[in-house]
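Input: a single structure, listed below in structure tokens.
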Amino acid sequence: RPRIPKGLRLPPGPPPKPIIGNALDMPKYLEWETYEKYTKQYGEIFHLNVFGTHMIFLNSRRMVYELFERRSSVYSDRPTSVMVGDLMGFGWAMTLQRYGEWWRRHRRAMHNKFNLDAVDTYKPTQIKHTRDLLRRLYKTPEEFMKHIRHTTGAIIMEITYGITIKPEDDPYIHTAEVAVRVGGEAAVPGRFMVDIIPWLKYIPEWFPGALFRKQARIWRKYILDMRDVPFQKANGTAPPSFTSSHLESLAANKDASADAEEVIKNTAAVIFAAGTDTTVNTLKTFLLAMILFPEVQKKAQEELDSVLGEVRLPGFEDMKALPYTEAVYKEAMRWHPSLPLGLPHATSQDDVVDGYFIPKGAIVIGNSWMLLREVADFGANPDSFDPARFFEKGRRDPGQTGAFGYGRRICPGRYMAENSLFIAVASILQVFNISPAKDSLGNDVLPDYEWISGVLSPPADYECTLKPRSKAAEALILSNHTEI
Ligand code: HEM
């Protein structure tokens with residue numbers, strides 16, 4: 001039970017708060033589950049005071065709707081991060097930008113090329129790389145995660161910069177992956193004192209205890225290179241892309257502001273930063289679910305066979321005829337969302353909700369994991385991976401219930417992301433049987449799976465067996481000859 005320190009109150013305003021705890025009440029592992037326990041105890045909104053920072057948790061669809069959607073002009077800021085933003089140089093990333101005109105310009109650049117209609121342009125690229133994925137999975141199935149990661153990165157780099165990446169040790173990907181990894185690690189709340197005591201950023205690097213300054217300098221290079229190096233390439237001879245198309249419009253616009261190119265450069269780089277791990281993790285969750293719930297796999301394959309026969313691989317035009325297969329990827333997003341607590345929002349002014357005072361600068365978090373397990377919205381047995389739940393009346397779409405976040409900050413890459421998920425899930429299921437790894441005697445070894453804790457929560461690594469479903473499936477995999 002969280003401790004409730006006596007006498008601790010939020011700053012002035014209408015009094016009481018439901019629960020008040022502090023940093024010691026912040027769980028380190030599977031945070032969303034502990035916050036669910038707090039919710040049972042304290043209700044749909046509660047509050048922790050973490051070294052003077054107010055963290056507000058929203059735990060019902062009513063609450064996230066009321067604050068993130070209806071009062072979105074107040075609840076769309078981001079918490080500031082001295083270490084990741086200022087010192088490490090990740091301030092260029094839209095995900096971290098404060099709510100305001102600068103952020104809005106990035107958001108517009110993104111929306112322009114990633115809205116529901118615009119993402120159709122990317123479908124041929126998604127198809128091409130997904131078919132290449134099938135061949136890679138056929139050749140070295142045990143390296144399935146490496147292949148999924150490569151394909152996801154290849155799609156993004158081609159769409160964004162017109163760049164073809166190498167399957168092994170691509171220098172751009174290496175830089176970008178290091179940048180994203182260290183950014184994620186450094187963003188864990190409480191990891192660096194400088195985020196709690198901001199003036200520490202002024203102490204020099206040689207000062208005893210200022211190791212974080214040196215660390216930030218080393219990491220900063222990766223974070224800036226990730227943004228700058230591929231942009232220079234796309235700016236030159238690479239084929240048409242998000243970047244080249246924006247730059248062309250810019251060249252034709254005589255009234256463009258001096259920093260317009262920077263907006264394009266920043267937005268291009270955030271596509272990899274925000275779009276890769278999220279998609280890879282959802283596919284990792286999907287494959288795990290296929291091992292654990294073989295009856296779901298069978299049902300999807302029956303649907304795929306009835307629509308495609310064994311004569312062709314799926315395309316986007318088949319999506320309508322494949323409702324169960326579509327429901328499989330949606331269920332992967334619901335069963336364990338890639339970001340169980342989304343990304344934190346922050347308030348840009350004081351507010352009062354249900355009589356509770358929420359100060360300006362408070363960090364506000366929606367517990368998406370809980371929302372996606374709500375029986376009224378998704379049906380019974382939330383632990384069970386059951387795509388059929390979406391065919392019952394009154395069921396919601398996970399993408400509009402927290403899996404992609406909330407309000408004005410909702411994931412701007414969601415339409416393209418859903419297309420990537422659909423085509424990967426449909427293509428893999430059509431030609432492969434996914435089963436547990438085998439021991440030396442050939443017996444199935446079910447993965448003893450667990451979820452990684454943190455902002456991003458993929459399943460921990462596991463092994464699986466991928467085998468072509470038939471001779472015809474093998475032929476389909478190999479029918480696609482273009483080497484990428
Ligand atoms: C399955 C894949 C994906 C998932 C689950 C996902 C999820 C999310 C979530 C939860 C947020 C936080 C929203 C909020 O603050 O309320 C977000 C933000 C964002 N996502 Fe995605 N995302 C995915 C793929 C992508 C892709 C492919 C792109 C790029 C094409 C992308 C670009 C972004 C950006 C730029 C933001 C920051 C938005 C802002 O701060 O205004 N995401 N995403």
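Labels for the structure tokens follow display order: chains A, B, ..., residues from 1 in each chain, ligands from 1.
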Tell me, counting only C-alpha atoms and all ligand atoms, for each residue of chain A within 6 Å of ligand 1, which pair of atoms is nearest and how far apart they are in Å to one decimal, in rows ordered by chain and increasing number, as CSV.
```
residue,atom,partner,partner_atom_place_in_ligand_line,distance
A:Met94,CA,ligand 1,40 (O),5.1
A:Thr95,CA,ligand 1,40 (O),3.5
A:Val270,CA,ligand 1,35 (C),5.5
A:Ile271,CA,ligand 1,29 (C),4.1
A:Ala274,CA,ligand 1,32 (C),4.6
A:Gly275,CA,ligand 1,26 (C),3.3
A:Thr278,CA,ligand 1,2 (C),4.4
A:Thr279,CA,ligand 1,2 (C),4.0
A:Thr282,CA,ligand 1,1 (C),5.7
A:Ser338,CA,ligand 1,5 (C),5.1
A:Leu339,CA,ligand 1,10 (C),5.5
A:Gly342,CA,ligand 1,10 (C),4.2
A:Leu343,CA,ligand 1,15 (O),4.5
A:Ala403,CA,ligand 1,10 (C),5.5
A:Phe404,CA,ligand 1,10 (C),3.9
A:Gly405,CA,ligand 1,16 (O),3.3
A:Tyr406,CA,ligand 1,16 (O),3.9
A:Arg409,CA,ligand 1,41 (O),4.0
A:Ile410,CA,ligand 1,13 (C),4.3
A:Cys411,CA,ligand 1,18 (C),3.8
A:Pro412,CA,ligand 1,33 (C),5.3
A:Gly413,CA,ligand 1,28 (C),3.6
A:Arg414,CA,ligand 1,24 (C),5.6
A:Met416,CA,ligand 1,27 (C),5.9
A:Ala417,CA,ligand 1,27 (C),4.3
```
Residue list (helix (DSSP H, G or I), DSSP) for region 123-364 of chain A, as a VMD selection string: chain A and resid 123 to 139 141 to 161 171 to 186 193 to 195 198 to 202 211 to 234 242 to 252 260 to 292 294 to 308 316 to 321 323 to 335
Closest-contact table, region 298-396 of chain A side, partner region 441-461 of chain A, 12 Å, counting only C-alpha atoms, as a Markdown table:
```
| residue | atom | partner | partner_atom | distance |
| --- | --- | --- | --- | --- |
| A:Ala332 | CA | A:Pro458 | CA | 11.2 |
| A:Met333 | CA | A:Pro458 | CA | 11.1 |
| A:Trp335 | CA | A:Pro459 | CA | 11.5 |
| A:His336 | CA | A:Ser457 | CA | 8.2 |
| A:Pro337 | CA | A:Ser457 | CA | 7.6 |
| A:Ser338 | CA | A:Ser457 | CA | 5.5 |
| A:Leu339 | CA | A:Leu456 | CA | 4.9 |
| A:Pro340 | CA | A:Ser457 | CA | 6.9 |
| A:Leu341 | CA | A:Val455 | CA | 7.0 |
| A:Gly342 | CA | A:Val455 | CA | 7.3 |
| A:Leu343 | CA | A:Val455 | CA | 7.3 |
| A:Pro344 | CA | A:Val455 | CA | 9.5 |
| A:Ile365 | CA | A:Val455 | CA | 11.4 |
| A:Asn367 | CA | A:Val455 | CA | 11.7 |
| A:Ser368 | CA | A:Val455 | CA | 11.8 |
| A:Trp369 | CA | A:Ser457 | CA | 10.7 |
```
Å distance separating CA of Asn59 (chain A) from CA of Leu371 (chain A), one decimal place: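 So the answer is 7.2 Å.
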Near-region 201-214 of chain A list (9 Å; only C-alpha atoms; drop same-chain fewer than 4 positions) as a count of residues only: 11
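Distance-wise, CA of Lys123 (chain A) and CA of Asn419 (chain A) end up 7.7 Å apart.
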Backbone-only DSSP, strand (DSSP E or B) members of region 264-439 of chain A, as a VMD selection string: chain A and resid 345 to 346 351 to 353 356 to 358 363 to 366 402 405 432 to 438
Kindly save the residues from that selection, with N, CA and C atoms included, as a PDB file, in the first residue's frame.
```pdb
ATOM      1  N   HIS A 345       2.736  13.591 -20.784  1.00  0.00           N
ATOM      2  CA  HIS A 345       2.366  14.953 -21.173  1.00  0.00           C
ATOM      3  C   HIS A 345       2.671  15.860 -19.984  1.00  0.00           C
ATOM      4  N   ALA A 346       2.517  17.184 -20.183  1.00  0.00           N
ATOM      5  CA  ALA A 346       2.664  18.117 -19.054  1.00  0.00           C
ATOM      6  C   ALA A 346       1.639  19.237 -19.219  1.00  0.00           C
ATOM      7  N   ASP A 351      -4.897  23.999 -13.501  1.00  0.00           N
ATOM      8  CA  ASP A 351      -6.235  23.530 -13.875  1.00  0.00           C
ATOM      9  C   ASP A 351      -6.880  22.859 -12.667  1.00  0.00           C
ATOM     10  N   VAL A 352      -8.191  22.702 -12.746  1.00  0.00           N
ATOM     11  CA  VAL A 352      -8.905  21.996 -11.692  1.00  0.00           C
ATOM     12  C   VAL A 352      -9.754  20.926 -12.363  1.00  0.00           C
ATOM     13  N   VAL A 353      -9.662  19.704 -11.856  1.00  0.00           N
ATOM     14  CA  VAL A 353     -10.505  18.652 -12.408  1.00  0.00           C
ATOM     15  C   VAL A 353     -11.187  17.898 -11.273  1.00  0.00           C
ATOM     16  N   TYR A 356     -10.023  18.661  -7.968  1.00  0.00           N
ATOM     17  CA  TYR A 356      -8.599  18.515  -7.662  1.00  0.00           C
ATOM     18  C   TYR A 356      -7.788  19.553  -8.406  1.00  0.00           C
ATOM     19  N   PHE A 357      -6.817  20.110  -7.712  1.00  0.00           N
ATOM     20  CA  PHE A 357      -5.979  21.133  -8.322  1.00  0.00           C
ATOM     21  C   PHE A 357      -4.800  20.484  -9.041  1.00  0.00           C
ATOM     22  N   ILE A 358      -4.606  20.868 -10.294  1.00  0.00           N
ATOM     23  CA  ILE A 358      -3.464  20.344 -11.066  1.00  0.00           C
ATOM     24  C   ILE A 358      -2.600  21.532 -11.465  1.00  0.00           C
ATOM     25  N   ILE A 363       3.400  16.689 -14.495  1.00  0.00           N
ATOM     26  CA  ILE A 363       3.539  15.632 -15.502  1.00  0.00           C
ATOM     27  C   ILE A 363       2.260  14.801 -15.472  1.00  0.00           C
ATOM     28  N   VAL A 364       1.684  14.566 -16.634  1.00  0.00           N
ATOM     29  CA  VAL A 364       0.401  13.854 -16.651  1.00  0.00           C
ATOM     30  C   VAL A 364       0.524  12.604 -17.526  1.00  0.00           C
ATOM     31  N   ILE A 365       0.176  11.467 -16.937  1.00  0.00           N
ATOM     32  CA  ILE A 365       0.406  10.180 -17.600  1.00  0.00           C
ATOM     33  C   ILE A 365      -0.904   9.405 -17.708  1.00  0.00           C
ATOM     34  N   GLY A 366      -1.190   8.907 -18.884  1.00  0.00           N
ATOM     35  CA  GLY A 366      -2.370   8.054 -19.062  1.00  0.00           C
ATOM     36  C   GLY A 366      -1.938   6.600 -19.000  1.00  0.00           C
ATOM     37  N   GLY A 402      -5.436   4.759 -26.489  1.00  0.00           N
ATOM     38  CA  GLY A 402      -4.189   4.874 -25.730  1.00  0.00           C
ATOM     39  C   GLY A 402      -2.977   4.222 -26.362  1.00  0.00           C
ATOM     40  N   GLY A 405      -1.219   6.852 -27.814  1.00  0.00           N
ATOM     41  CA  GLY A 405      -1.184   8.077 -27.009  1.00  0.00           C
ATOM     42  C   GLY A 405      -2.462   8.885 -27.177  1.00  0.00           C
ATOM     43  N   PHE A 432       4.294 -18.809 -43.149  1.00  0.00           N
ATOM     44  CA  PHE A 432       5.053 -19.514 -42.098  1.00  0.00           C
ATOM     45  C   PHE A 432       4.143 -20.080 -41.011  1.00  0.00           C
ATOM     46  N   ASN A 433       4.538 -21.210 -40.478  1.00  0.00           N
ATOM     47  CA  ASN A 433       3.982 -21.663 -39.203  1.00  0.00           C
ATOM     48  C   ASN A 433       4.924 -21.208 -38.113  1.00  0.00           C
ATOM     49  N   ILE A 434       4.356 -20.614 -37.079  1.00  0.00           N
ATOM     50  CA  ILE A 434       5.178 -20.078 -35.984  1.00  0.00           C
ATOM     51  C   ILE A 434       4.949 -20.995 -34.789  1.00  0.00           C
ATOM     52  N   SER A 435       6.021 -21.573 -34.275  1.00  0.00           N
ATOM     53  CA  SER A 435       5.844 -22.502 -33.152  1.00  0.00           C
ATOM     54  C   SER A 435       6.971 -22.321 -32.148  1.00  0.00           C
ATOM     55  N   PRO A 436       6.831 -22.939 -30.979  1.00  0.00           N
ATOM     56  CA  PRO A 436       7.879 -22.768 -29.961  1.00  0.00           C
ATOM     57  C   PRO A 436       9.205 -23.360 -30.424  1.00  0.00           C
ATOM     58  N   ALA A 437      10.286 -22.950 -29.781  1.00  0.00           N
ATOM     59  CA  ALA A 437      11.593 -23.563 -30.039  1.00  0.00           C
ATOM     60  C   ALA A 437      11.528 -25.028 -29.604  1.00  0.00           C
ATOM     61  N   LYS A 438      12.455 -25.828 -30.098  1.00  0.00           N
ATOM     62  CA  LYS A 438      12.473 -27.263 -29.730  1.00  0.00           C
ATOM     63  C   LYS A 438      13.694 -27.558 -28.849  1.00  0.00           C
TER      64      LYS A 438
END
```
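Between Glu262 (chain A) and the residues A:Thr347, A:Thr243, A:Asn115, A:Ser81, the shortest atom-to-atom distance, using only C-alpha atoms, involves A:Thr243.
When CA of Ala118 (chain A) is paired with CA of Glu418 (chain A), their separation reads 13.5 Å.
The shortest atom-to-atom distance to Ala327 (chain A), with only C-alpha atoms taken into account, belongs to A:Pro387 out of A:Pro359, A:Gly43, A:Pro294, A:Pro387.
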9 Å contact set for region 124-139 of chain A, only C-alpha atoms, chain neighbours under 6 positions out, as a ChimeraX atom specification: /A:147-148,150-152,154-155,158-159,313-316,419-420,423-424,427-428,431-432,466-468,474,477-478,480-484
Take the residues just selected and output them with C-alpha atoms as an mmCIF file, in the first residue's frame.
```cif
data_model
loop_
_atom_site.group_PDB
_atom_site.id
_atom_site.type_symbol
_atom_site.label_atom_id
_atom_site.label_comp_id
_atom_site.auth_asym_id
_atom_site.auth_seq_id
_atom_site.Cartn_x
_atom_site.Cartn_y
_atom_site.Cartn_z
ATOM 1 C CA HIS A 147 15.363 -9.406 -39.758
ATOM 2 C CA ILE A 148 12.321 -7.622 -38.357
ATOM 3 C CA HIS A 150 16.272 -4.542 -40.463
ATOM 4 C CA THR A 151 13.008 -4.450 -42.426
ATOM 5 C CA THR A 152 11.429 -1.845 -40.159
ATOM 6 C CA ALA A 154 14.800 -0.180 -44.169
ATOM 7 C CA ILE A 155 11.185 0.918 -44.744
ATOM 8 C CA GLU A 158 13.678 4.626 -47.675
ATOM 9 C CA ILE A 159 10.485 6.594 -46.998
ATOM 10 C CA LEU A 313 1.047 -12.992 -51.240
ATOM 11 C CA PRO A 314 -1.216 -10.451 -49.507
ATOM 12 C CA GLY A 315 -1.420 -6.808 -50.558
ATOM 13 C CA PHE A 316 -3.099 -3.820 -48.987
ATOM 14 C CA ASN A 419 -0.003 -0.413 -42.512
ATOM 15 C CA SER A 420 3.448 -1.798 -41.671
ATOM 16 C CA ILE A 423 1.297 -6.240 -44.112
ATOM 17 C CA ALA A 424 3.943 -7.918 -41.924
ATOM 18 C CA SER A 427 2.530 -11.941 -45.012
ATOM 19 C CA ILE A 428 4.256 -13.870 -42.219
ATOM 20 C CA VAL A 431 3.604 -18.506 -45.475
ATOM 21 C CA PHE A 432 5.053 -19.514 -42.098
ATOM 22 C CA LEU A 466 9.455 -20.428 -38.257
ATOM 23 C CA LYS A 467 8.777 -23.036 -40.948
ATOM 24 C CA PRO A 468 7.226 -22.561 -44.398
ATOM 25 C CA GLU A 474 7.988 -21.882 -50.039
ATOM 26 C CA ILE A 477 8.494 -16.771 -50.469
ATOM 27 C CA LEU A 478 11.039 -17.366 -53.192
ATOM 28 C CA ASN A 480 10.087 -12.509 -55.109
ATOM 29 C CA HIS A 481 13.508 -12.230 -56.676
ATOM 30 C CA THR A 482 14.558 -8.655 -56.143
ATOM 31 C CA GLU A 483 17.584 -8.566 -53.869
ATOM 32 C CA ILE A 484 17.410 -5.522 -51.630
#
```
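Between Arg98 (chain A) and the residues A:Thr285, A:Thr267, A:Thr80, A:Gln349, the shortest atom-to-atom distance, using only C-alpha atoms, involves A:Thr80.
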